[in-house]
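Here's the structure we're looking at; comments come further down.
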Amino acid sequence: MKALVTGGAGFIGSNLVRQLLEDRHRVTVLDNLMSGYRSNLDSLSDACFIEGDIRDEAAVARAIEGCEVVFHLAASVGNKRSIDNALLDADINVMGTIKVLEAARKAGVRKIVASSSAGIFGELKTLPIREDHPVEPDTPYGSSKLCMEKECLAYAKLYDIEAVCLRYFNVYGPNQRFDAYGNVIPIFVFKMLRGEPLTIFGDGEQTRDFINVRDVVQANVKAAMSRGVSGAFNAGSGGRITINKLVDLIRDVSRLEPLVEYGPPRAGDVRHSLADISAARDAFGFQPTISLEQGMAEYMAWAKEEAVRTVDV
Ligand SMILES: NC(=O)c1ccc[n+]([C@@H]2O[C@H](COP(=O)([O-])OP(=O)(O)OC[C@H]3O[C@@H](n4cnc5c(N)ncnc54)[C@H](O)[C@@H]3O)[C@@H](O)[C@H]2O)c1
């Protein structure tokens with residue numbers, strides 16, 4: 001098939017592009033490099049790269065031509081960025097998504113697989129989180145991702161296009177750099193490699209569901225291949241770990257001793273997070289395969305090379 005990956009130069013997008021090329025699909029990437037890296041695609045030259053903005057209708061129309069599937073990952077990513085710049089967040093995540101949907105409809109795309117976030121849920125009322133958990137986002141980012149989902153699903157009702165929205169929990173893996181909008185794993189790993197102290201916000205007993213990027217890629221590919229499936233689905237590992245235990249795990253895989261400081265809890269952070277992933281398993285066979293131990297060992301190896309390659313980490 002021919003596929004468009006918006007945001008394909010980013011962390012998750014570039015891992016997805018790699019898998020799609022390995023599976024012998026034809027891939028176009030549309031990315032304005034706002035937070036992505038051209039170098040993420042250096043070894044993926046079979047993908048056609050278009051530097052452009054999803055809010056630019058002409059650029060999207062050009063990129064989407066002939067595509068059967070659109071993987072829509074381009075976004076202004078993260079709670080902090082959205083609190084700092086709520087207008088940009090909404091412009092890219094809501095208006096940008098509608099421009100992609102309009103282009104997809106006009107181009108006869110069969111399916112859009114859109115990247116949503118567990119941030120749509122807000123503070124948890126029940127654990128694990130099922131798809132029907134109340135959606136009360138705590139940040140503009142959570143709200144814009146929820147709006148993005150609703151737009152995708154409305155298009156699936158109105159037009160001859162299927163839409164799957166994947167609500168990622170905390171994704172980690174290669175190509176996730178230190179600047180990844182406050183994500184705890186890259187921050188801790190790169191700080192440890194630099195011998196800097198790690199700051200845990202709150203008491204460290206808050207929990208997160210960390211999912212390896214390869215499993216997120218698997219969810220995207222399986223969702224795209226499914227027929228007659230539209231809806232919003234959780235994409236987590238189905239397991240959780242406290243931040244204190246995460247630090248222990250990073251110490252074990254890096255064999256470096258961390259310096260840990262505790263700071264006040266951060267605005268917009270939820271206390272606990274854990275995905276119920278049975279809906280995605282039942283709908284399109286999603287099944288995470290990478291344990292946190294294995295994934296962290298792989299990530300640490302990548303981060304060590306990256307730290308050597310770059311001066312600015
Ligand atoms: N990493 C996570 O833990 C996580 C969790 C939940 C949801 N997500 C979602 O997954 C998707 C990918 O996130 P990521 O972690 O790879 O982040 P990322 O910042 O590495 O990727 C986003 C990509 O979108 C591109 N982009 C931003 N605005 C654009 C625009 N207007 N036009 C074209 N391209 C644009 C960026 O340059 C970047 O390459 C995003 O939609 C994000 O909201 C990520």
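Going by the structure tokens order, chains are called A, B, ..., each with residues numbered from 1, while ligands are numbered from 1 in the order shown.
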Neighbour list for Lys145 in chain A as a PDB file with C-alpha atoms, in the first residue's frame, cut-off 8 Å, only C-alpha atoms, skip fewer than 3 positions in-chain:
```
ATOM      1  CA  ASN A  93      -3.838  19.575  16.743  1.00  0.00           C
ATOM      2  CA  VAL A  94      -7.393  20.592  15.852  1.00  0.00           C
ATOM      3  CA  SER A 116      -4.235  10.437  20.404  1.00  0.00           C
ATOM      4  CA  SER A 117      -3.129  10.445  24.024  1.00  0.00           C
ATOM      5  CA  GLY A 119      -3.984  12.865  28.335  1.00  0.00           C
ATOM      6  CA  ILE A 120      -7.630  13.048  27.239  1.00  0.00           C
ATOM      7  CA  TYR A 141      -3.067  19.318  24.981  1.00  0.00           C
ATOM      8  CA  GLY A 142      -5.504  16.743  26.404  1.00  0.00           C
ATOM      9  CA  MET A 148      -8.933  15.645  17.256  1.00  0.00           C
ATOM     10  CA  GLU A 149     -10.418  12.221  18.054  1.00  0.00           C
TER      11      GLU A 149
END
```
Can you tell me which residues sit at most 7 Å away from ligand 1, counting only C-alpha atoms and all ligand atoms, written as a PDB file with N, CA and C atoms, in the first residue's frame?
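Result file pocket25.pdb:
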```
ATOM      1  N   THR A   6       2.134  11.665   8.622  1.00  0.00           N
ATOM      2  CA  THR A   6       2.370  13.049   9.055  1.00  0.00           C
ATOM      3  C   THR A   6       3.166  12.982  10.360  1.00  0.00           C
ATOM      4  N   GLY A   7       4.116  13.888  10.506  1.00  0.00           N
ATOM      5  CA  GLY A   7       4.969  13.823  11.700  1.00  0.00           C
ATOM      6  C   GLY A   7       5.965  12.678  11.634  1.00  0.00           C
ATOM      7  N   GLY A   8       6.276  12.225  10.421  1.00  0.00           N
ATOM      8  CA  GLY A   8       7.135  11.047  10.236  1.00  0.00           C
ATOM      9  C   GLY A   8       8.601  11.265  10.572  1.00  0.00           C
ATOM     10  N   ALA A   9       9.000  12.533  10.777  1.00  0.00           N
ATOM     11  CA  ALA A   9      10.398  12.780  11.179  1.00  0.00           C
ATOM     12  C   ALA A   9      10.532  12.817  12.700  1.00  0.00           C
ATOM     13  N   GLY A  10       9.434  12.607  13.398  1.00  0.00           N
ATOM     14  CA  GLY A  10       9.457  12.646  14.863  1.00  0.00           C
ATOM     15  C   GLY A  10       9.868  11.303  15.453  1.00  0.00           C
ATOM     16  N   PHE A  11       9.796  11.242  16.756  1.00  0.00           N
ATOM     17  CA  PHE A  11      10.196  10.040  17.494  1.00  0.00           C
ATOM     18  C   PHE A  11       9.378   8.816  17.055  1.00  0.00           C
ATOM     19  N   ILE A  12       8.074   8.854  17.273  1.00  0.00           N
ATOM     20  CA  ILE A  12       7.257   7.678  16.946  1.00  0.00           C
ATOM     21  C   ILE A  12       7.146   7.523  15.427  1.00  0.00           C
ATOM     22  N   GLY A  13       6.953   8.655  14.736  1.00  0.00           N
ATOM     23  CA  GLY A  13       6.767   8.606  13.284  1.00  0.00           C
ATOM     24  C   GLY A  13       7.922   7.932  12.570  1.00  0.00           C
ATOM     25  N   LEU A  30       5.191  13.791   5.689  1.00  0.00           N
ATOM     26  CA  LEU A  30       4.968  15.243   5.699  1.00  0.00           C
ATOM     27  C   LEU A  30       5.283  15.735   7.104  1.00  0.00           C
ATOM     28  N   ASP A  31       6.274  16.599   7.202  1.00  0.00           N
ATOM     29  CA  ASP A  31       6.715  17.057   8.528  1.00  0.00           C
ATOM     30  C   ASP A  31       7.337  18.432   8.369  1.00  0.00           C
ATOM     31  N   ASN A  32       7.004  19.343   9.279  1.00  0.00           N
ATOM     32  CA  ASN A  32       7.608  20.688   9.207  1.00  0.00           C
ATOM     33  C   ASN A  32       8.832  20.830  10.109  1.00  0.00           C
ATOM     34  N   LEU A  33       9.236  19.724  10.716  1.00  0.00           N
ATOM     35  CA  LEU A  33      10.442  19.672  11.565  1.00  0.00           C
ATOM     36  C   LEU A  33      10.339  20.599  12.785  1.00  0.00           C
ATOM     37  N   MET A  34       9.109  20.859  13.221  1.00  0.00           N
ATOM     38  CA  MET A  34       8.942  21.693  14.419  1.00  0.00           C
ATOM     39  C   MET A  34       9.599  21.025  15.632  1.00  0.00           C
ATOM     40  N   SER A  35       9.364  19.732  15.804  1.00  0.00           N
ATOM     41  CA  SER A  35      10.024  19.008  16.891  1.00  0.00           C
ATOM     42  C   SER A  35      10.662  17.720  16.385  1.00  0.00           C
ATOM     43  N   GLY A  36      10.575  17.486  15.073  1.00  0.00           N
ATOM     44  CA  GLY A  36      11.172  16.284  14.494  1.00  0.00           C
ATOM     45  C   GLY A  36      12.582  16.568  13.997  1.00  0.00           C
ATOM     46  N   TYR A  37      13.253  15.523  13.547  1.00  0.00           N
ATOM     47  CA  TYR A  37      14.634  15.647  13.090  1.00  0.00           C
ATOM     48  C   TYR A  37      14.747  15.019  11.711  1.00  0.00           C
ATOM     49  N   GLY A  52       6.864  20.213   5.133  1.00  0.00           N
ATOM     50  CA  GLY A  52       5.685  21.062   5.013  1.00  0.00           C
ATOM     51  C   GLY A  52       4.811  20.923   6.240  1.00  0.00           C
ATOM     52  N   ASP A  53       3.811  21.790   6.279  1.00  0.00           N
ATOM     53  CA  ASP A  53       2.967  21.927   7.466  1.00  0.00           C
ATOM     54  C   ASP A  53       1.594  21.303   7.184  1.00  0.00           C
ATOM     55  N   ILE A  54       1.061  20.566   8.156  1.00  0.00           N
ATOM     56  CA  ILE A  54      -0.264  19.962   7.939  1.00  0.00           C
ATOM     57  C   ILE A  54      -1.361  21.036   7.834  1.00  0.00           C
ATOM     58  N   ARG A  55      -1.049  22.260   8.235  1.00  0.00           N
ATOM     59  CA  ARG A  55      -2.051  23.332   8.102  1.00  0.00           C
ATOM     60  C   ARG A  55      -2.029  23.961   6.721  1.00  0.00           C
ATOM     61  N   LEU A  73       0.378  11.604  12.793  1.00  0.00           N
ATOM     62  CA  LEU A  73       1.115  11.781  14.051  1.00  0.00           C
ATOM     63  C   LEU A  73       1.533  13.224  14.302  1.00  0.00           C
ATOM     64  N   ALA A  74       1.520  14.047  13.247  1.00  0.00           N
ATOM     65  CA  ALA A  74       1.994  15.427  13.416  1.00  0.00           C
ATOM     66  C   ALA A  74       1.158  16.137  14.464  1.00  0.00           C
ATOM     67  N   ALA A  75       1.827  16.783  15.394  1.00  0.00           N
ATOM     68  CA  ALA A  75       1.106  17.463  16.471  1.00  0.00           C
ATOM     69  C   ALA A  75       2.043  18.390  17.212  1.00  0.00           C
ATOM     70  N   SER A  76       1.432  19.336  17.886  1.00  0.00           N
ATOM     71  CA  SER A  76       2.151  20.057  18.937  1.00  0.00           C
ATOM     72  C   SER A  76       2.021  19.156  20.161  1.00  0.00           C
ATOM     73  N   VAL A  77       3.127  18.622  20.631  1.00  0.00           N
ATOM     74  CA  VAL A  77       3.089  17.498  21.571  1.00  0.00           C
ATOM     75  C   VAL A  77       3.389  17.936  23.004  1.00  0.00           C
ATOM     76  N   GLY A  78       2.547  17.513  23.912  1.00  0.00           N
ATOM     77  CA  GLY A  78       2.893  17.598  25.317  1.00  0.00           C
ATOM     78  C   GLY A  78       2.120  18.631  26.111  1.00  0.00           C
ATOM     79  N   ILE A  92      -2.566  23.499  15.544  1.00  0.00           N
ATOM     80  CA  ILE A  92      -1.980  22.316  14.894  1.00  0.00           C
ATOM     81  C   ILE A  92      -2.842  21.075  15.150  1.00  0.00           C
ATOM     82  N   GLY A  96      -5.226  21.621  12.183  1.00  0.00           N
ATOM     83  CA  GLY A  96      -4.337  20.820  11.330  1.00  0.00           C
ATOM     84  C   GLY A  96      -4.949  19.462  11.030  1.00  0.00           C
ATOM     85  N   SER A 115      -2.927   9.599  16.031  1.00  0.00           N
ATOM     86  CA  SER A 115      -2.265   9.462  17.335  1.00  0.00           C
ATOM     87  C   SER A 115      -2.946  10.344  18.359  1.00  0.00           C
ATOM     88  N   SER A 116      -3.635   9.711  19.299  1.00  0.00           N
ATOM     89  CA  SER A 116      -4.235  10.437  20.404  1.00  0.00           C
ATOM     90  C   SER A 116      -3.398  10.172  21.661  1.00  0.00           C
ATOM     91  N   SER A 117      -3.938  10.508  22.799  1.00  0.00           N
ATOM     92  CA  SER A 117      -3.129  10.445  24.024  1.00  0.00           C
ATOM     93  C   SER A 117      -4.000  10.097  25.228  1.00  0.00           C
ATOM     94  N   ALA A 118      -3.389   9.418  26.190  1.00  0.00           N
ATOM     95  CA  ALA A 118      -4.084   9.160  27.459  1.00  0.00           C
ATOM     96  C   ALA A 118      -4.359  10.455  28.205  1.00  0.00           C
ATOM     97  N   ARG A 167      -4.927   5.913  21.620  1.00  0.00           N
ATOM     98  CA  ARG A 167      -4.612   6.722  22.810  1.00  0.00           C
ATOM     99  C   ARG A 167      -3.352   6.173  23.456  1.00  0.00           C
ATOM    100  N   TYR A 168      -2.218   6.758  23.067  1.00  0.00           N
ATOM    101  CA  TYR A 168      -0.948   6.281  23.602  1.00  0.00           C
ATOM    102  C   TYR A 168      -0.832   6.663  25.069  1.00  0.00           C
ATOM    103  N   PHE A 169      -0.236   5.757  25.826  1.00  0.00           N
ATOM    104  CA  PHE A 169       0.158   6.084  27.185  1.00  0.00           C
ATOM    105  C   PHE A 169       1.604   6.612  27.098  1.00  0.00           C
ATOM    106  N   ASN A 170       2.478   6.337  28.024  1.00  0.00           N
ATOM    107  CA  ASN A 170       3.828   6.938  27.944  1.00  0.00           C
ATOM    108  C   ASN A 170       4.712   6.113  27.021  1.00  0.00           C
ATOM    109  N   VAL A 171       5.014   6.659  25.869  1.00  0.00           N
ATOM    110  CA  VAL A 171       5.795   5.923  24.873  1.00  0.00           C
ATOM    111  C   VAL A 171       7.275   6.249  25.076  1.00  0.00           C
ATOM    112  N   TYR A 172       8.130   5.219  24.898  1.00  0.00           N
ATOM    113  CA  TYR A 172       9.571   5.463  24.990  1.00  0.00           C
ATOM    114  C   TYR A 172      10.264   4.574  23.974  1.00  0.00           C
ATOM    115  N   GLN A 176      13.916   8.992  20.766  1.00  0.00           N
ATOM    116  CA  GLN A 176      13.279   9.903  21.726  1.00  0.00           C
ATOM    117  C   GLN A 176      14.403  10.622  22.477  1.00  0.00           C
ATOM    118  N   ALA A 180      12.291  15.775  24.484  1.00  0.00           N
ATOM    119  CA  ALA A 180      10.963  15.243  24.174  1.00  0.00           C
ATOM    120  C   ALA A 180       9.922  15.710  25.206  1.00  0.00           C
ATOM    121  N   ASN A 183       9.143  14.215  28.813  1.00  0.00           N
ATOM    122  CA  ASN A 183       8.901  12.787  29.035  1.00  0.00           C
ATOM    123  C   ASN A 183       9.981  12.224  29.962  1.00  0.00           C
TER     124      ASN A 183
END
```
task: Considering only C-alpha atoms, state which residue in the set A:Ala59, A:Phe71, A:Gly236, A:Ser14 is at the smallest distance from Ala47 in chain A.
output: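 With only C-alpha atoms as the atom set, the closest residue is A:Ser14.
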message: Residues of range 42-124 of chain A classed as alpha helix (DSSP H) by DSSP on the backbone are to be reported as a ChimeraX atom specification.
response: /A:57-64,79-84,86-90,97-107
- request: Write out as number ranges by chain all residues of range 62-253 of chain A that backbone DSSP assigns to strand (DSSP E or B).
  value: A: 69-72, 111-117, 129, 162-168, 170-172, 198-201, 207-208, 210-212, 231-235, 241-242
Quick one: contact table of range 53-139 of chain A to range 218-231 of chain A, 8 Å max, nearest atom pair and distance in Å to one decimal per residue, counting only C-alpha atoms, chain and number order, as CSV?
```
residue,atom,partner,partner_atom,distance
A:Val69,CA,A:Ala224,CA,6.8
A:Phe71,CA,A:Asn220,CA,7.6
A:Lys111,CA,A:Ala224,CA,6.6
A:Ile112,CA,A:Ala224,CA,7.4
A:Val113,CA,A:Ala224,CA,6.4
```
Using the selection just defined, write its residues with C-alpha atoms as a PDB file, in the first residue's frame.
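To be explicit, this is the file written out as again06.pdb:
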```pdb
ATOM      1  CA  VAL A  69      -3.815   4.991   4.579  1.00  0.00           C
ATOM      2  CA  PHE A  71      -0.967   7.719   9.790  1.00  0.00           C
ATOM      3  CA  LYS A 111      -8.284   4.697   6.626  1.00  0.00           C
ATOM      4  CA  ILE A 112      -6.786   7.262   8.949  1.00  0.00           C
ATOM      5  CA  VAL A 113      -4.920   6.077  12.039  1.00  0.00           C
TER       6      VAL A 113
END
```
task: Considering only C-alpha atoms, return as a list of chain:residue names whatever protein or nucleic-acid residues lie within 8 Å of Lys80 in chain A, sequence-local ones (same chain, fewer than 2 positions apart) excluded.
output: A:Gly78, A:Ser82, A:Ile83, A:Asp84, A:Tyr181, A:Gly182
Restricting it to C-alpha atoms, dump the selection as a tab-separated table (two decimals), in the first residue's frame.
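Output contents, as saved in selection.tsv:
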```
chain	number	residue	atom	x	y	z
A	78	GLY	CA	2.89	17.60	25.32
A	82	SER	CA	0.23	23.38	25.37
A	83	ILE	CA	0.17	25.31	28.64
A	84	ASP	CA	2.92	27.59	27.29
A	181	TYR	CA	8.50	17.62	25.91
A	182	GLY	CA	9.10	16.55	29.49
```
query: Could you pull the residues within 7 Å of range 208-212 of chain A, counting only C-alpha atoms, minus those fewer than 3 positions along the same chain, as number ranges by chain?
result: A: 169-173, 215-216, 236-242, 272-275, 290, 295
For N, CA and C atoms, I'd like the residues from the last selection saved as a CSV table (one decimal), in the first residue's frame.
```csv
chain,number,residue,atom,x,y,z
A,169,PHE,N,-0.2,5.8,25.8
A,169,PHE,CA,0.2,6.1,27.2
A,169,PHE,C,1.6,6.6,27.1
A,170,ASN,N,2.5,6.3,28.0
A,170,ASN,CA,3.8,6.9,27.9
A,170,ASN,C,4.7,6.1,27.0
A,171,VAL,N,5.0,6.7,25.9
A,171,VAL,CA,5.8,5.9,24.9
A,171,VAL,C,7.3,6.2,25.1
A,172,TYR,N,8.1,5.2,24.9
A,172,TYR,CA,9.6,5.5,25.0
A,172,TYR,C,10.3,4.6,24.0
A,173,GLY,N,11.5,4.9,23.6
A,173,GLY,CA,12.3,4.1,22.7
A,173,GLY,C,13.2,5.0,21.9
A,215,ASP,N,5.9,-1.4,20.1
A,215,ASP,CA,4.5,-1.8,20.3
A,215,ASP,C,3.5,-0.8,19.8
A,216,VAL,N,3.9,0.5,19.9
A,216,VAL,CA,3.0,1.5,19.4
A,216,VAL,C,3.0,1.4,17.8
A,236,GLY,N,-1.5,1.1,25.4
A,236,GLY,CA,-0.5,1.1,26.5
A,236,GLY,C,0.1,-0.3,26.6
A,237,SER,N,0.9,-0.5,27.6
A,237,SER,CA,1.5,-1.8,27.8
A,237,SER,C,0.6,-2.7,28.6
A,238,GLY,N,-0.4,-2.1,29.3
A,238,GLY,CA,-1.2,-2.9,30.2
A,238,GLY,C,-0.5,-3.2,31.6
A,239,GLY,N,0.7,-2.6,31.8
A,239,GLY,CA,1.4,-2.7,33.1
A,239,GLY,C,1.8,-1.3,33.6
A,240,ARG,N,2.1,-1.2,34.8
A,240,ARG,CA,2.6,0.1,35.3
A,240,ARG,C,3.7,0.0,36.3
A,241,ILE,N,4.4,1.1,36.5
A,241,ILE,CA,5.5,1.1,37.4
A,241,ILE,C,5.6,2.5,38.1
A,242,THR,N,6.1,2.5,39.4
A,242,THR,CA,6.2,3.8,40.0
A,242,THR,C,7.5,4.5,39.5
A,272,HIS,N,-1.9,8.5,38.8
A,272,HIS,CA,-1.7,7.1,38.3
A,272,HIS,C,-2.1,6.9,36.9
A,273,SER,N,-1.6,5.9,36.2
A,273,SER,CA,-1.9,5.7,34.8
A,273,SER,C,-1.7,4.2,34.5
A,274,LEU,N,-2.7,3.6,33.9
A,274,LEU,CA,-2.6,2.2,33.6
A,274,LEU,C,-3.7,1.9,32.5
A,275,ALA,N,-3.3,1.4,31.4
A,275,ALA,CA,-4.3,1.2,30.3
A,275,ALA,C,-4.9,-0.2,30.4
A,290,ILE,N,7.1,-6.1,24.1
A,290,ILE,CA,8.4,-5.7,24.6
A,290,ILE,C,8.3,-5.4,26.1
A,295,GLY,N,13.0,-3.2,26.8
A,295,GLY,CA,12.9,-2.0,26.1
A,295,GLY,C,13.9,-0.9,26.7
```
message: If we count only C-alpha atoms and set the cut-off at 7 Å, which residues sit around range 15-28 of chain A, ignoring sequence neighbours fewer than 5 positions away in its own chain? Please answer as a list in words.
response: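 Near range 15-28 of chain A, the qualifying residues are Met1, Lys2, Ala3, Leu4, Val5, Gly8, Leu44, Ala47, Cys48, Phe49, Ala63 and Val217 of chain A.
In this structure, CA of Thr289 in chain A sits 12.5 Å away from CA of Ala235 in chain A.
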task: Determine, counting only C-alpha atoms, which protein, DNA and RNA residues have an atom within 12 Å of an atom of Glu257 in chain A; residues of the same chain fewer than 2 positions away are not included. Present the result as a PyMOL selection string.
output: chain A and resi 188-189+191-198+247-255+259-260
Output of the above residues as a compact mmCIF listing (two decimals), in the first residue's frame, restricted to N, CA and C atoms:
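Output contents, as saved in out02.txt:
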```
# COMPACT_ATOMS: atom_id res chain seq x y z
N PHE A 188 15.48 11.37 32.37
CA PHE A 188 16.28 10.67 33.38
C PHE A 188 17.51 10.01 32.75
N VAL A 189 17.32 9.36 31.63
CA VAL A 189 18.44 8.62 31.03
C VAL A 189 19.55 9.59 30.60
N LYS A 191 20.10 12.64 31.68
CA LYS A 191 20.71 13.28 32.85
C LYS A 191 21.69 12.33 33.52
N MET A 192 21.33 11.05 33.61
CA MET A 192 22.25 10.10 34.23
C MET A 192 23.53 9.97 33.41
N LEU A 193 23.38 9.97 32.10
CA LEU A 193 24.57 9.86 31.25
C LEU A 193 25.48 11.08 31.41
N ARG A 194 24.88 12.22 31.78
CA ARG A 194 25.68 13.43 31.99
C ARG A 194 26.13 13.60 33.43
N GLY A 195 25.73 12.66 34.30
CA GLY A 195 26.10 12.75 35.71
C GLY A 195 25.34 13.82 36.47
N GLU A 196 24.17 14.21 35.94
CA GLU A 196 23.36 15.25 36.61
C GLU A 196 22.31 14.61 37.51
N PRO A 197 21.84 15.34 38.54
CA PRO A 197 20.81 14.77 39.40
C PRO A 197 19.45 14.64 38.70
N LEU A 198 18.69 13.65 39.11
CA LEU A 198 17.33 13.45 38.57
C LEU A 198 16.35 14.08 39.53
N VAL A 247 13.45 4.53 38.33
CA VAL A 247 14.84 4.96 38.58
C VAL A 247 15.70 3.74 38.91
N ASP A 248 15.17 2.82 39.72
CA ASP A 248 15.92 1.59 40.04
C ASP A 248 16.24 0.82 38.75
N LEU A 249 15.25 0.73 37.88
CA LEU A 249 15.44 -0.02 36.63
C LEU A 249 16.50 0.66 35.75
N ILE A 250 16.45 1.97 35.67
CA ILE A 250 17.45 2.68 34.86
C ILE A 250 18.84 2.46 35.45
N ARG A 251 18.93 2.46 36.77
CA ARG A 251 20.23 2.19 37.41
C ARG A 251 20.72 0.79 37.04
N ASP A 252 19.80 -0.19 37.09
CA ASP A 252 20.21 -1.56 36.78
C ASP A 252 20.70 -1.69 35.34
N VAL A 253 19.97 -1.10 34.39
CA VAL A 253 20.37 -1.30 32.99
C VAL A 253 21.57 -0.44 32.60
N SER A 254 21.76 0.69 33.29
CA SER A 254 22.88 1.58 32.91
C SER A 254 24.15 1.28 33.71
N ARG A 255 23.96 0.62 34.86
CA ARG A 255 25.05 0.40 35.83
C ARG A 255 25.67 1.74 36.28
N LEU A 259 21.83 10.30 41.09
CA LEU A 259 21.64 11.26 42.17
C LEU A 259 20.18 11.69 42.07
N VAL A 260 19.40 11.47 43.13
CA VAL A 260 17.96 11.74 43.04
C VAL A 260 17.57 12.89 43.96
```
- prompt: Separation of CA of Ala154 in chain A and CA of Gly66 in chain A, in Å?
  reply: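 Answer for the CA of Ala154 in chain A to CA of Gly66 in chain A separation: 22.8 Å.
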- prompt: Taking only C-alpha atoms into account, which of A:Thr199, A:Asn40, A:Ser45, A:Thr97 comes nearest Leu153 in chain A?
  reply: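 Counting only C-alpha atoms, the residue closest to Leu153 in chain A is A:Thr97.
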statement: Counting only C-alpha atoms, closest pick from A:Ile200, A:Ala297, A:Val213, A:Ala232 relative to Glu151 in chain A is A:Ala232
Quick one: residues within 9 Å of Ile129 in chain A, only C-alpha atoms counted, chain neighbours fewer than 4 positions away excluded, as a short mmCIF file (atom, residue, chain, number, x, y, z; two decimals) with C-alpha atoms, in the first residue's frame?
```cif
data_model
loop_
_atom_site.label_atom_id
_atom_site.label_comp_id
_atom_site.auth_asym_id
_atom_site.auth_seq_id
_atom_site.Cartn_x
_atom_site.Cartn_y
_atom_site.Cartn_z
CA PHE A 121 -8.72 11.25 30.43
CA LEU A 124 -8.19 8.84 36.93
CA LYS A 125 -11.37 7.68 38.53
CA HIS A 133 -13.53 6.18 31.30
CA ASN A 234 -6.03 2.57 24.28
CA SER A 273 -1.93 5.67 34.84
CA LEU A 274 -2.64 2.17 33.55
CA ALA A 275 -4.30 1.16 30.30
CA ASP A 276 -6.86 -1.55 29.76
CA ILE A 277 -5.86 -2.69 26.28
#
```
